[in-house]
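> Structure file input36.pdb, PDB, C-alpha atoms and all ligand atoms, is pasted below:
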ATOM      1  CA  MET A 184       0.000   0.000   0.000
ATOM      2  CA  LEU A 185       1.267   3.406  -1.028
ATOM      3  CA  ARG A 186      -0.042   6.313   1.036
ATOM      4  CA  ILE A 187       0.370   9.788  -0.387
ATOM      5  CA  GLU A 188      -0.607  12.579   1.951
ATOM      6  CA  GLY A 189      -0.852  16.287   1.143
ATOM      7  CA  LEU A 190       1.839  15.944  -1.536
ATOM      8  CA  THR A 191       2.815  19.263  -3.088
ATOM      9  CA  LYS A 192       5.507  20.310  -5.538
ATOM     10  CA  ARG A 193       6.051  23.993  -6.095
ATOM     11  CA  PHE A 194       7.960  25.512  -9.008
ATOM     12  CA  GLY A 195       8.349  29.265  -8.470
ATOM     13  CA  ASP A 196       4.910  30.557  -7.570
ATOM     14  CA  LYS A 197       3.038  27.623  -9.074
ATOM     15  CA  ASN A 198       2.035  24.313  -7.524
ATOM     16  CA  ALA A 199       2.669  21.651 -10.195
ATOM     17  CA  VAL A 200       1.190  19.106  -7.766
ATOM     18  CA  ASP A 201      -1.135  20.604  -5.226
ATOM     19  CA  ASN A 202      -1.959  18.869  -1.941
ATOM     20  CA  VAL A 203      -2.575  15.404  -3.385
ATOM     21  CA  THR A 204      -3.779  12.680  -1.012
ATOM     22  CA  LEU A 205      -4.202   9.119  -2.309
ATOM     23  CA  SER A 206      -3.949   5.514  -1.178
ATOM     24  CA  ILE A 207      -2.906   2.955  -3.769
ATOM     25  CA  PRO A 208      -3.271  -0.699  -2.757
ATOM     26  CA  LYS A 209      -0.713  -3.263  -3.854
ATOM     27  CA  GLY A 210      -1.431  -4.812  -7.238
ATOM     28  CA  GLU A 211      -3.711  -2.089  -8.571
ATOM     29  CA  MET A 212      -3.452  -0.878 -12.181
ATOM     30  CA  VAL A 213      -3.904   2.877 -12.002
ATOM     31  CA  GLY A 214      -4.152   5.352 -14.860
ATOM     32  CA  VAL A 215      -3.299   8.992 -14.133
ATOM     33  CA  ILE A 216      -5.104  11.104 -16.686
ATOM     34  CA  GLY A 217      -5.405  14.776 -17.490
ATOM     35  CA  ARG A 218      -4.232  17.252 -20.030
ATOM     36  CA  SER A 219      -0.715  18.501 -20.605
ATOM     37  CA  GLY A 220       0.663  20.373 -17.597
ATOM     38  CA  ALA A 221      -1.825  18.845 -15.137
ATOM     39  CA  GLY A 222       1.014  17.558 -12.937
ATOM     40  CA  LYS A 223       1.038  13.866 -13.886
ATOM     41  CA  SER A 224       4.785  13.555 -14.565
ATOM     42  CA  THR A 225       5.706  15.559 -11.492
ATOM     43  CA  LEU A 226       3.572  13.252  -9.346
ATOM     44  CA  LEU A 227       5.287  10.135 -10.755
ATOM     45  CA  ARG A 228       8.739  11.669 -10.420
ATOM     46  CA  MET A 229       8.084  12.424  -6.760
ATOM     47  CA  LEU A 230       6.944   8.834  -6.185
ATOM     48  CA  ASN A 231      10.301   7.617  -7.511
ATOM     49  CA  ARG A 232      12.140  10.491  -5.751
ATOM     50  CA  LEU A 233      13.481  11.796  -9.057
ATOM     51  CA  ALA A 234      11.935  15.005  -7.738
ATOM     52  CA  ASP A 235      11.647  15.979  -4.098
ATOM     53  CA  ALA A 236       8.338  17.098  -2.682
ATOM     54  CA  THR A 237       7.978  20.652  -1.404
ATOM     55  CA  SER A 238       5.659  19.315   1.317
ATOM     56  CA  GLY A 239       3.595  16.269   2.171
ATOM     57  CA  SER A 240       4.585  12.644   2.483
ATOM     58  CA  ILE A 241       4.736   9.326   0.664
ATOM     59  CA  VAL A 242       4.683   6.238   2.878
ATOM     60  CA  CYS A 243       5.036   2.655   1.668
ATOM     61  CA  GLU A 244       4.926  -0.230   4.130
ATOM     62  CA  GLU A 245       6.291   1.869   6.993
ATOM     63  CA  ARG A 246       8.967   3.469   4.806
ATOM     64  CA  ASN A 247       8.732   7.243   4.723
ATOM     65  CA  VAL A 248       9.785   7.614   1.103
ATOM     66  CA  THR A 249      10.070  11.402   1.208
ATOM     67  CA  THR A 250      12.970  11.299   3.697
ATOM     68  CA  LEU A 251      14.957   8.309   2.391
ATOM     69  CA  LYS A 252      18.676   8.792   1.758
ATOM     70  CA  GLY A 253      21.688   6.778   0.582
ATOM     71  CA  ALA A 254      21.255   2.999   0.446
ATOM     72  CA  SER A 255      17.598   3.101   1.488
ATOM     73  CA  LEU A 256      16.826   5.608  -1.281
ATOM     74  CA  ARG A 257      18.594   3.343  -3.801
ATOM     75  CA  ALA A 258      16.531   0.394  -2.521
ATOM     76  CA  TRP A 259      13.333   2.426  -2.995
ATOM     77  CA  ARG A 260      14.329   3.330  -6.557
ATOM     78  CA  ARG A 261      14.937  -0.356  -7.245
ATOM     79  CA  ASP A 262      11.444  -1.103  -5.915
ATOM     80  CA  THR A 263       9.858   1.532  -8.160
ATOM     81  CA  ALA A 264      10.923   1.048 -11.769
ATOM     82  CA  MET A 265      10.345   3.950 -14.147
ATOM     83  CA  ILE A 266       9.330   3.636 -17.794
ATOM     84  CA  PHE A 267       9.572   6.761 -19.927
ATOM     85  CA  GLN A 268       7.977   8.010 -23.123
ATOM     86  CA  GLN A 269      11.383   8.120 -24.866
ATOM     87  CA  PHE A 270      12.398   4.638 -23.622
ATOM     88  CA  ASN A 271      15.783   5.864 -22.236
ATOM     89  CA  LEU A 272      17.811   2.975 -23.631
ATOM     90  CA  VAL A 273      21.502   3.226 -24.451
ATOM     91  CA  GLY A 274      21.244   3.164 -28.233
ATOM     92  CA  ARG A 275      24.725   1.867 -29.047
ATOM     93  CA  LEU A 276      24.426  -1.063 -26.618
ATOM     94  CA  ASP A 277      22.725  -4.309 -27.533
ATOM     95  CA  VAL A 278      19.293  -5.242 -26.230
ATOM     96  CA  LEU A 279      20.541  -7.766 -23.658
ATOM     97  CA  THR A 280      23.010  -5.313 -22.107
ATOM     98  CA  ASN A 281      20.298  -2.673 -21.908
ATOM     99  CA  VAL A 282      18.104  -5.082 -19.961
ATOM    100  CA  LEU A 283      21.017  -6.102 -17.737
ATOM    101  CA  LEU A 284      21.421  -2.446 -16.736
ATOM    102  CA  GLY A 285      18.239  -2.997 -14.734
ATOM    103  CA  ARG A 286      20.210  -5.424 -12.533
ATOM    104  CA  LEU A 287      22.855  -2.853 -11.610
ATOM    105  CA  ASN A 288      21.170  -1.720  -8.442
ATOM    106  CA  HIS A 289      21.028  -5.316  -7.212
ATOM    107  CA  ARG A 290      24.814  -5.443  -7.188
ATOM    108  CA  SER A 291      27.687  -4.162  -5.085
ATOM    109  CA  ALA A 292      29.249  -0.821  -6.040
ATOM    110  CA  ALA A 293      32.458  -2.572  -7.172
ATOM    111  CA  LEU A 294      30.653  -4.967  -9.511
ATOM    112  CA  THR A 295      28.581  -2.082 -10.820
ATOM    113  CA  LEU A 296      31.756  -0.242 -11.791
ATOM    114  CA  VAL A 297      33.052  -3.115 -13.894
ATOM    115  CA  LYS A 298      29.561  -3.866 -15.231
ATOM    116  CA  SER A 299      30.073  -7.579 -14.727
ATOM    117  CA  PHE A 300      26.895  -9.615 -14.825
ATOM    118  CA  SER A 301      26.389 -13.081 -13.413
ATOM    119  CA  GLN A 302      24.906 -16.025 -15.250
ATOM    120  CA  ASP A 303      21.819 -15.600 -13.073
ATOM    121  CA  ASP A 304      21.471 -11.962 -14.197
ATOM    122  CA  LYS A 305      21.722 -13.042 -17.826
ATOM    123  CA  ILE A 306      19.133 -15.789 -17.411
ATOM    124  CA  ARG A 307      16.729 -13.308 -15.808
ATOM    125  CA  ALA A 308      17.303 -10.776 -18.580
ATOM    126  CA  ILE A 309      16.731 -13.319 -21.339
ATOM    127  CA  ALA A 310      13.590 -14.612 -19.598
ATOM    128  CA  ALA A 311      12.249 -11.053 -19.332
ATOM    129  CA  LEU A 312      12.952 -10.428 -23.017
ATOM    130  CA  GLU A 313      11.275 -13.659 -24.024
ATOM    131  CA  ARG A 314       8.255 -12.767 -21.965
ATOM    132  CA  LEU A 315       7.969  -9.605 -24.031
ATOM    133  CA  ASP A 316       8.534 -11.529 -27.250
ATOM    134  CA  MET A 317      11.899  -9.835 -27.763
ATOM    135  CA  GLY A 318      14.269 -12.744 -27.091
ATOM    136  CA  HIS A 319      15.189 -13.126 -30.770
ATOM    137  CA  LEU A 320      16.541  -9.543 -30.857
ATOM    138  CA  LEU A 321      18.811  -9.696 -27.813
ATOM    139  CA  ALA A 322      22.039  -9.136 -29.777
ATOM    140  CA  GLN A 323      20.710  -6.187 -31.772
ATOM    141  CA  ARG A 324      21.745  -2.621 -31.004
ATOM    142  CA  ALA A 325      18.893  -0.814 -29.255
ATOM    143  CA  GLU A 326      19.015   2.167 -31.634
ATOM    144  CA  THR A 327      18.064  -0.077 -34.567
ATOM    145  CA  LEU A 328      14.737  -1.123 -33.011
ATOM    146  CA  SER A 329      11.304   0.377 -33.635
ATOM    147  CA  GLY A 330       9.716   2.498 -30.909
ATOM    148  CA  GLY A 331       7.421  -0.326 -29.801
ATOM    149  CA  GLN A 332      10.335  -2.752 -29.607
ATOM    150  CA  GLN A 333      12.410  -0.241 -27.632
ATOM    151  CA  GLN A 334       9.597   0.225 -25.159
ATOM    152  CA  ARG A 335       9.329  -3.544 -24.698
ATOM    153  CA  VAL A 336      13.075  -3.636 -23.957
ATOM    154  CA  ALA A 337      12.554  -0.843 -21.424
ATOM    155  CA  ILE A 338       9.785  -2.886 -19.783
ATOM    156  CA  ALA A 339      12.095  -5.943 -19.670
ATOM    157  CA  ARG A 340      14.750  -3.744 -18.036
ATOM    158  CA  ALA A 341      12.180  -2.622 -15.476
ATOM    159  CA  LEU A 342      11.147  -6.238 -14.817
ATOM    160  CA  VAL A 343      14.672  -7.462 -13.995
ATOM    161  CA  GLN A 344      14.815  -4.771 -11.326
ATOM    162  CA  GLU A 345      12.175  -6.932  -9.579
ATOM    163  CA  PRO A 346      10.153  -3.861  -8.686
ATOM    164  CA  LYS A 347       7.108  -3.688  -6.460
ATOM    165  CA  VAL A 348       5.746  -0.758  -8.453
ATOM    166  CA  ILE A 349       6.118   0.236 -12.102
ATOM    167  CA  LEU A 350       5.756   3.954 -12.786
ATOM    168  CA  ALA A 351       5.139   4.502 -16.490
ATOM    169  CA  ASP A 352       5.255   8.116 -17.666
ATOM    170  CA  GLU A 353       3.376   8.351 -20.978
ATOM    171  CA  PRO A 354       4.731   4.958 -22.126
ATOM    172  CA  ILE A 355       2.725   4.977 -25.355
ATOM    173  CA  ALA A 356       2.908   8.643 -26.334
ATOM    174  CA  SER A 357       5.462   7.966 -29.094
ATOM    175  CA  LEU A 358       3.839   4.804 -30.435
ATOM    176  CA  ASP A 359       1.424   3.929 -33.229
ATOM    177  CA  PRO A 360      -1.894   2.207 -32.370
ATOM    178  CA  ARG A 361      -0.557  -1.334 -32.893
ATOM    179  CA  ASN A 362       2.472  -0.806 -30.652
ATOM    180  CA  THR A 363       0.295   1.045 -28.147
ATOM    181  CA  GLN A 364      -1.728  -2.118 -27.753
ATOM    182  CA  VAL A 365       1.349  -4.375 -27.516
ATOM    183  CA  VAL A 366       2.918  -2.199 -24.807
ATOM    184  CA  MET A 367      -0.298  -1.735 -22.805
ATOM    185  CA  ASP A 368      -1.043  -5.478 -23.054
ATOM    186  CA  ALA A 369       2.452  -6.168 -21.679
ATOM    187  CA  LEU A 370       1.985  -3.794 -18.731
ATOM    188  CA  PHE A 371      -1.443  -5.284 -18.035
ATOM    189  CA  ARG A 372      -0.094  -8.847 -18.077
ATOM    190  CA  ILE A 373       2.744  -7.934 -15.705
ATOM    191  CA  ASN A 374       0.235  -6.313 -13.373
ATOM    192  CA  ARG A 375      -2.088  -9.303 -13.366
ATOM    193  CA  GLU A 376       0.465 -12.132 -13.440
ATOM    194  CA  ASP A 377       3.120 -10.699 -11.090
ATOM    195  CA  GLY A 378       0.903  -8.545  -8.871
ATOM    196  CA  ILE A 379       3.132  -5.531  -9.518
ATOM    197  CA  THR A 380       1.348  -2.234  -8.936
ATOM    198  CA  VAL A 381       1.325  -0.211 -12.163
ATOM    199  CA  ILE A 382       0.817   3.544 -12.135
ATOM    200  CA  CYS A 383       0.654   4.846 -15.653
ATOM    201  CA  ASN A 384       0.357   8.423 -16.918
ATOM    202  CA  LEU A 385      -1.817   8.434 -20.004
ATOM    203  CA  HIS A 386      -3.133  11.162 -22.251
ATOM    204  CA  HIS A 387      -5.735   8.949 -23.867
ATOM    205  CA  LEU A 388      -8.835   8.352 -21.838
ATOM    206  CA  ASP A 389      -9.981   5.443 -24.008
ATOM    207  CA  ILE A 390      -6.733   3.519 -23.411
ATOM    208  CA  ALA A 391      -6.750   4.368 -19.702
ATOM    209  CA  SER A 392     -10.369   3.176 -19.385
ATOM    210  CA  LYS A 393      -9.654  -0.044 -21.239
ATOM    211  CA  TYR A 394      -6.676  -1.160 -19.166
ATOM    212  CA  CYS A 395      -6.919   0.432 -15.727
ATOM    213  CA  ASP A 396      -8.867  -0.593 -12.624
ATOM    214  CA  ARG A 397      -8.838   2.951 -11.393
ATOM    215  CA  LEU A 398      -8.414   6.381 -12.919
ATOM    216  CA  ILE A 399      -6.973   9.374 -11.139
ATOM    217  CA  GLY A 400      -7.856  12.559 -12.984
ATOM    218  CA  MET A 401      -5.638  15.573 -12.439
ATOM    219  CA  ALA A 402      -6.221  19.204 -13.359
ATOM    220  CA  ALA A 403      -3.917  22.077 -12.344
ATOM    221  CA  GLY A 404      -2.041  19.839  -9.905
ATOM    222  CA  LYS A 405      -5.128  18.649  -8.052
ATOM    223  CA  VAL A 406      -6.956  15.338  -8.083
ATOM    224  CA  VAL A 407     -10.393  16.067  -9.532
ATOM    225  CA  PHE A 408     -11.471  12.464 -10.102
ATOM    226  CA  ASP A 409     -10.580   9.192  -8.402
ATOM    227  CA  GLY A 410     -12.547   6.085  -9.218
ATOM    228  CA  PRO A 411     -13.208   3.265 -11.662
ATOM    229  CA  PRO A 412     -13.480   4.210 -15.363
ATOM    230  CA  LEU A 413     -17.235   3.604 -15.308
ATOM    231  CA  ALA A 414     -17.697   6.325 -12.677
ATOM    232  CA  LEU A 415     -16.239   9.029 -14.894
ATOM    233  CA  THR A 416     -18.950  11.403 -16.021
ATOM    234  CA  THR A 417     -19.026  13.609 -19.099
ATOM    235  CA  GLU A 418     -18.753  16.688 -16.840
ATOM    236  CA  ILE A 419     -15.567  15.449 -15.192
ATOM    237  CA  ALA A 420     -14.095  14.385 -18.553
ATOM    238  CA  ALA A 421     -14.798  17.898 -19.837
ATOM    239  CA  GLU A 422     -13.108  19.398 -16.765
ATOM    240  CA  LEU A 423     -10.120  17.113 -17.219
ATOM    241  CA  TYR A 424      -9.636  17.726 -20.904
ATOM    242  CA  GLY A 425     -11.059  21.192 -20.941
ATOM    243  CA  ILE A 426     -11.889  23.707 -23.593
ATOM    244  CA  GLU A 427      -8.168  24.175 -24.292
ATOM    245  CA  ALA A 428      -7.914  21.032 -26.421
ATOM    246  CA  LYS A 429     -11.045  20.458 -28.450
ATOM    247  CA  ASP A 430      -9.671  17.223 -29.901
ATOM    248  CA  ALA A 431      -8.851  15.773 -26.537
ATOM    249  CA  GLY A 432     -12.333  16.797 -25.390
ATOM    250  CA  ALA A 433     -13.932  15.049 -28.353
ATOM    251  CA  GLU A 434     -11.785  12.025 -27.701
ATOM    252  CA  ALA A 435     -12.845  12.023 -24.067
ATOM    253  CA  LEU A 436     -16.478  12.097 -25.116
ATOM    254  CA  ASP A 437     -15.903   9.243 -27.585
ATOM    255  CA  ALA A 438     -14.273   7.283 -24.803
ATOM    256  CA  LEU A 439     -17.277   7.911 -22.563
ATOM    257  CA  ASP A 440     -19.502   6.543 -25.329
ATOM    258  CA  ALA A 441     -17.255   3.476 -25.483
ATOM    259  CA  ILE A 442     -17.489   3.065 -21.707
ATOM    260  CA  ALA A 443     -21.295   3.355 -21.838
ATOM    261  CA  ALA A 444     -21.431   0.784 -24.659
ATOM    262  CA  SER A 445     -19.286  -1.705 -22.762
ATOM    263  CA  GLU A 446     -21.389  -1.170 -19.634
ATOM    264  CA  ALA A 447     -24.562  -1.887 -21.654
ATOM    265  CA  GLN A 448     -22.912  -4.994 -23.094
ATOM    266  CA  ARG A 449     -21.945  -6.221 -19.637
ATOM    267  CA  ALA A 450     -25.466  -5.568 -18.314
ATOM    268  CA  LYS A 451     -26.871  -7.591 -21.232
ATOM    269  CA  GLN A 452     -24.530 -10.501 -20.460
ATOM    270  CA  ASN A 453     -25.581 -10.419 -16.816
ATOM    271  CA  VAL A 454     -29.256 -10.634 -17.804
ATOM    272  CA  ALA A 455     -28.630 -13.482 -20.286
TER     273      ALA A 455
HETATM  274  N1  LIG B 501      11.418  21.521 -13.600
HETATM  275  C1  LIG B 501      10.386  22.332 -13.718
HETATM  276  N2  LIG B 501      10.529  23.656 -13.517
HETATM  277  C2  LIG B 501       9.484  24.509 -13.593
HETATM  278  N3  LIG B 501       8.217  24.118 -13.871
HETATM  279  C3  LIG B 501       8.008  22.813 -14.080
HETATM  280  C4  LIG B 501       9.076  21.851 -14.016
HETATM  281  N4  LIG B 501       8.536  20.612 -14.255
HETATM  282  C5  LIG B 501       7.223  20.797 -14.477
HETATM  283  N5  LIG B 501       6.901  22.107 -14.373
HETATM  284  C6  LIG B 501       5.570  22.687 -14.521
HETATM  285  O1  LIG B 501       4.699  21.962 -13.671
HETATM  286  C7  LIG B 501       3.431  21.771 -14.280
HETATM  287  C8  LIG B 501       3.103  20.295 -14.331
HETATM  288  O2  LIG B 501       4.004  19.667 -15.250
HETATM  289  P1  LIG B 501       3.987  18.103 -15.524
HETATM  290  O3  LIG B 501       5.077  17.814 -16.502
HETATM  291  O4  LIG B 501       4.007  17.392 -14.232
HETATM  292  O5  LIG B 501       2.561  17.917 -16.201
HETATM  293  P2  LIG B 501       2.001  16.690 -17.032
HETATM  294  O6  LIG B 501       0.582  16.522 -16.659
HETATM  295  O7  LIG B 501       2.883  15.513 -16.859
HETATM  296  O8  LIG B 501       2.099  17.218 -18.525
HETATM  297  P3  LIG B 501       2.523  16.433 -19.847
HETATM  298  O9  LIG B 501       1.405  15.470 -20.096
HETATM  299  O10 LIG B 501       2.629  17.492 -20.879
HETATM  300  O11 LIG B 501       3.825  15.742 -19.562
HETATM  301  C9  LIG B 501       3.523  22.424 -15.652
HETATM  302  O12 LIG B 501       2.977  23.711 -15.574
HETATM  303  C10 LIG B 501       4.999  22.480 -15.919
HETATM  304  O13 LIG B 501       5.325  23.566 -16.754
END
Please express what this file holds, its structure, as structure tokens.

Amino acid sequence: MLRIEGLTKRFGDKNAVDNVTLSIPKGEMVGVIGRSGAGKSTLLRMLNRLADATSGSIVCEERNVTTLKGASLRAWRRDTAMIFQQFNLVGRLDVLTNVLLGRLNHRSAALTLVKSFSQDDKIRAIAALERLDMGHLLAQRAETLSGGQQQRVAIARALVQEPKVILADEPIASLDPRNTQVVMDALFRINREDGITVICNLHHLDIASKYCDRLIGMAAGKVVFDGPPLALTTEIAAELYGIEAKDAGAEALDALDAIAASEAQRAKQNVA
């Protein structure tokens, strides 16, 4: 269980994240939604301690994450793997080595310096790649892969960290619809099969509604919605996506139609 209490991040005179309080149970698949600048990335970065909170706290199983330092901070970062929109692979290194980099924080400082990996590390890395259907490309340089393939390598790298939580910051923003589905399916499977909590920033409400148990809607740094996709109303979707982006608003409304249709379908099945 992750408990976030009164979390605030201030940049200059603006609160990027403004007094956010949330509890996230272990194993939940959570979509953080909202338009550009709503504070989604800043929230995720604070969870991983890539950014420090201005005030408030994050507590996970008795660990006060906001005050961790040194080895305990490194252990927390190992427990919370990040996945980024731009994949963050080392392009000139092969796929297997990129995945092995996820093992570095399981090793002593000396071994980390020489980047020596054990047989066990290699077996884990290959297993993770195979799980993501990428085993056949392990010797290929990362920079030669498509975006969807690179993101699958990044997910494999996150997996070998053996995290408790995966924090995915717009993991599909650079991908076409087919790769979007492959990557979201992979995150969903990891969530369901391994029980890893997944917190995923997503621009697209339809994708978030399809894959997530719970949506957290942010606007101007605040949580303005927190509930299952079916509880999202047209009014809240409009608040989340706003007048600023007509397209996103239209998309939100389309997604609401899709949600209503799937609810009707489910109701029909229950009656039958
Ligand atoms: N390092 C920074 N310095 C100053 N302002 C920042 C910094 N990082 C973020 N902000 C501001 O904080 C607010 C929230 O940004 P954030 O990136 O968290 O939003 P977001 O919802 O993730 O947006 P996007 O979907 O575009 O990534 C924005 O107004 C942004 O300009």
> What residues of the protein or nucleic acid chains come within 7 Å of ligand LIG 501 (chain B) when you use all atoms listed in the file? Reply as a ChimeraX atom specification.
/A:194,199-200,217-226,386,404
> Of the candidates A:Met367, A:Leu284, A:Ile266, A:Ala254, which shows the shortest atom-to-atom distance to A:Ile338, using all atoms listed in the file?
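Using all atoms listed in the file, the shortest distance to A:Ile338 belongs to A:Ile266.
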> Would you tabulate, counting only C-alpha atoms, all residues of stretch 361-417 of chain A that have an atom at most 9 Å from an atom of stretch 227-250 of chain A, showing the closest pair of atoms and their distance in Å to one decimal, sorted by chain then ascending number, as JSON lines?

{"residue": "A:Ile382", "atom": "CA", "partner": "A:Leu227", "partner_atom": "CA", "distance": 8.1}
{"residue": "A:Cys383", "atom": "CA", "partner": "A:Leu227", "partner_atom": "CA", "distance": 8.6}
{"residue": "A:Asn384", "atom": "CA", "partner": "A:Leu227", "partner_atom": "CA", "distance": 8.1}
> For this structure, which residues satisfy the selection - the PyMOL selection byres (((chain A and resi 327) around 12) and not hetatm) - when it is evaluated on the file as given? I want them as an MDAnalysis selection string.
chainID A and resid 272:278 320:326 328:333
> When the PyMOL selection byres (((chain A and resi 207-212) around 12) and not hetatm) is applied to the file above, which residues end up in the set, as an MDAnalysis selection string?
chainID A and resid 184:188 204:206 213:215 230 241:244 346:351 367 370:384 391:399 409:412
> Now that the selection is made, can you save its residues with C-alpha atoms as a PDB file, in the coordinates of the input?

ATOM      1  CA  MET A 184       0.000   0.000   0.000  1.00  0.00           C
ATOM      2  CA  LEU A 185       1.267   3.406  -1.028  1.00  0.00           C
ATOM      3  CA  ARG A 186      -0.042   6.313   1.036  1.00  0.00           C
ATOM      4  CA  ILE A 187       0.370   9.788  -0.387  1.00  0.00           C
ATOM      5  CA  GLU A 188      -0.607  12.579   1.951  1.00  0.00           C
ATOM      6  CA  THR A 204      -3.779  12.680  -1.012  1.00  0.00           C
ATOM      7  CA  LEU A 205      -4.202   9.119  -2.309  1.00  0.00           C
ATOM      8  CA  SER A 206      -3.949   5.514  -1.178  1.00  0.00           C
ATOM      9  CA  VAL A 213      -3.904   2.877 -12.002  1.00  0.00           C
ATOM     10  CA  GLY A 214      -4.152   5.352 -14.860  1.00  0.00           C
ATOM     11  CA  VAL A 215      -3.299   8.992 -14.133  1.00  0.00           C
ATOM     12  CA  LEU A 230       6.944   8.834  -6.185  1.00  0.00           C
ATOM     13  CA  ILE A 241       4.736   9.326   0.664  1.00  0.00           C
ATOM     14  CA  VAL A 242       4.683   6.238   2.878  1.00  0.00           C
ATOM     15  CA  CYS A 243       5.036   2.655   1.668  1.00  0.00           C
ATOM     16  CA  GLU A 244       4.926  -0.230   4.130  1.00  0.00           C
ATOM     17  CA  PRO A 346      10.153  -3.861  -8.686  1.00  0.00           C
ATOM     18  CA  LYS A 347       7.108  -3.688  -6.460  1.00  0.00           C
ATOM     19  CA  VAL A 348       5.746  -0.758  -8.453  1.00  0.00           C
ATOM     20  CA  ILE A 349       6.118   0.236 -12.102  1.00  0.00           C
ATOM     21  CA  LEU A 350       5.756   3.954 -12.786  1.00  0.00           C
ATOM     22  CA  ALA A 351       5.139   4.502 -16.490  1.00  0.00           C
ATOM     23  CA  MET A 367      -0.298  -1.735 -22.805  1.00  0.00           C
ATOM     24  CA  LEU A 370       1.985  -3.794 -18.731  1.00  0.00           C
ATOM     25  CA  PHE A 371      -1.443  -5.284 -18.035  1.00  0.00           C
ATOM     26  CA  ARG A 372      -0.094  -8.847 -18.077  1.00  0.00           C
ATOM     27  CA  ILE A 373       2.744  -7.934 -15.705  1.00  0.00           C
ATOM     28  CA  ASN A 374       0.235  -6.313 -13.373  1.00  0.00           C
ATOM     29  CA  ARG A 375      -2.088  -9.303 -13.366  1.00  0.00           C
ATOM     30  CA  GLU A 376       0.465 -12.132 -13.440  1.00  0.00           C
ATOM     31  CA  ASP A 377       3.120 -10.699 -11.090  1.00  0.00           C
ATOM     32  CA  GLY A 378       0.903  -8.545  -8.871  1.00  0.00           C
ATOM     33  CA  ILE A 379       3.132  -5.531  -9.518  1.00  0.00           C
ATOM     34  CA  THR A 380       1.348  -2.234  -8.936  1.00  0.00           C
ATOM     35  CA  VAL A 381       1.325  -0.211 -12.163  1.00  0.00           C
ATOM     36  CA  ILE A 382       0.817   3.544 -12.135  1.00  0.00           C
ATOM     37  CA  CYS A 383       0.654   4.846 -15.653  1.00  0.00           C
ATOM     38  CA  ASN A 384       0.357   8.423 -16.918  1.00  0.00           C
ATOM     39  CA  ALA A 391      -6.750   4.368 -19.702  1.00  0.00           C
ATOM     40  CA  SER A 392     -10.369   3.176 -19.385  1.00  0.00           C
ATOM     41  CA  LYS A 393      -9.654  -0.044 -21.239  1.00  0.00           C
ATOM     42  CA  TYR A 394      -6.676  -1.160 -19.166  1.00  0.00           C
ATOM     43  CA  CYS A 395      -6.919   0.432 -15.727  1.00  0.00           C
ATOM     44  CA  ASP A 396      -8.867  -0.593 -12.624  1.00  0.00           C
ATOM     45  CA  ARG A 397      -8.838   2.951 -11.393  1.00  0.00           C
ATOM     46  CA  LEU A 398      -8.414   6.381 -12.919  1.00  0.00           C
ATOM     47  CA  ILE A 399      -6.973   9.374 -11.139  1.00  0.00           C
ATOM     48  CA  ASP A 409     -10.580   9.192  -8.402  1.00  0.00           C
ATOM     49  CA  GLY A 410     -12.547   6.085  -9.218  1.00  0.00           C
ATOM     50  CA  PRO A 411     -13.208   3.265 -11.662  1.00  0.00           C
ATOM     51  CA  PRO A 412     -13.480   4.210 -15.363  1.00  0.00           C
TER      52      PRO A 412
END
> If you measure from atom CA of A:Pro354 to atom CA of A:Ala339, what distance in Å do you get, rounded to one decimal?
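Computed distance, atom CA of A:Pro354 to atom CA of A:Ala339, equals 13.4 Å.
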> Identify which of the residues A:Asn362, A:Arg260, A:Glu345, A:Glu422 lies closest to A:Phe408, counting all atoms listed in the file when measuring atom-to-atom distances.
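Closest to A:Phe408 of all the choices is A:Glu422.
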> Using the chain letters and numbers from this file, what does the PyMOL selection byres (((chain A and resi 267) around 7) and not hetatm) select? Give the answer as a ChimeraX atom specification.
/A:265-266,268-271,351-354
> Find the spatial neighbours of A:Arg340, counting all atoms listed in the file, within a cut-off of 7 Å - ignore same-chain residues fewer than 5 positions away - and output them as a compact mmCIF listing (two decimals) with C-alpha atoms, keeping the file's coordinate frame.

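result00.txt, written as the output of this step:
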# COMPACT_ATOMS: atom_id res chain seq x y z
CA ASN A 281 20.30 -2.67 -21.91
CA VAL A 282 18.10 -5.08 -19.96
CA LEU A 283 21.02 -6.10 -17.74
CA LEU A 284 21.42 -2.45 -16.74
CA GLY A 285 18.24 -3.00 -14.73
> Between atom CA of A:Arg193 and atom CA of A:Lys252, what distance in Å does the model show, to one decimal?
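Computing the Euclidean distance for atom CA of A:Arg193 and atom CA of A:Lys252 yields 21.3 Å.
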> What is the atom CA of A:Arg257-atom CA of A:Gln334 distance in Å, reported with one decimal?
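Atom-to-atom, atom CA of A:Arg257 to atom CA of A:Gln334, that is 23.4 Å.
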> Under the rule that only C-alpha atoms are counted, which of A:Ser357, A:Gln364, A:Ser301, A:Ser255 is the nearest residue to A:Leu287?
A:Ser301
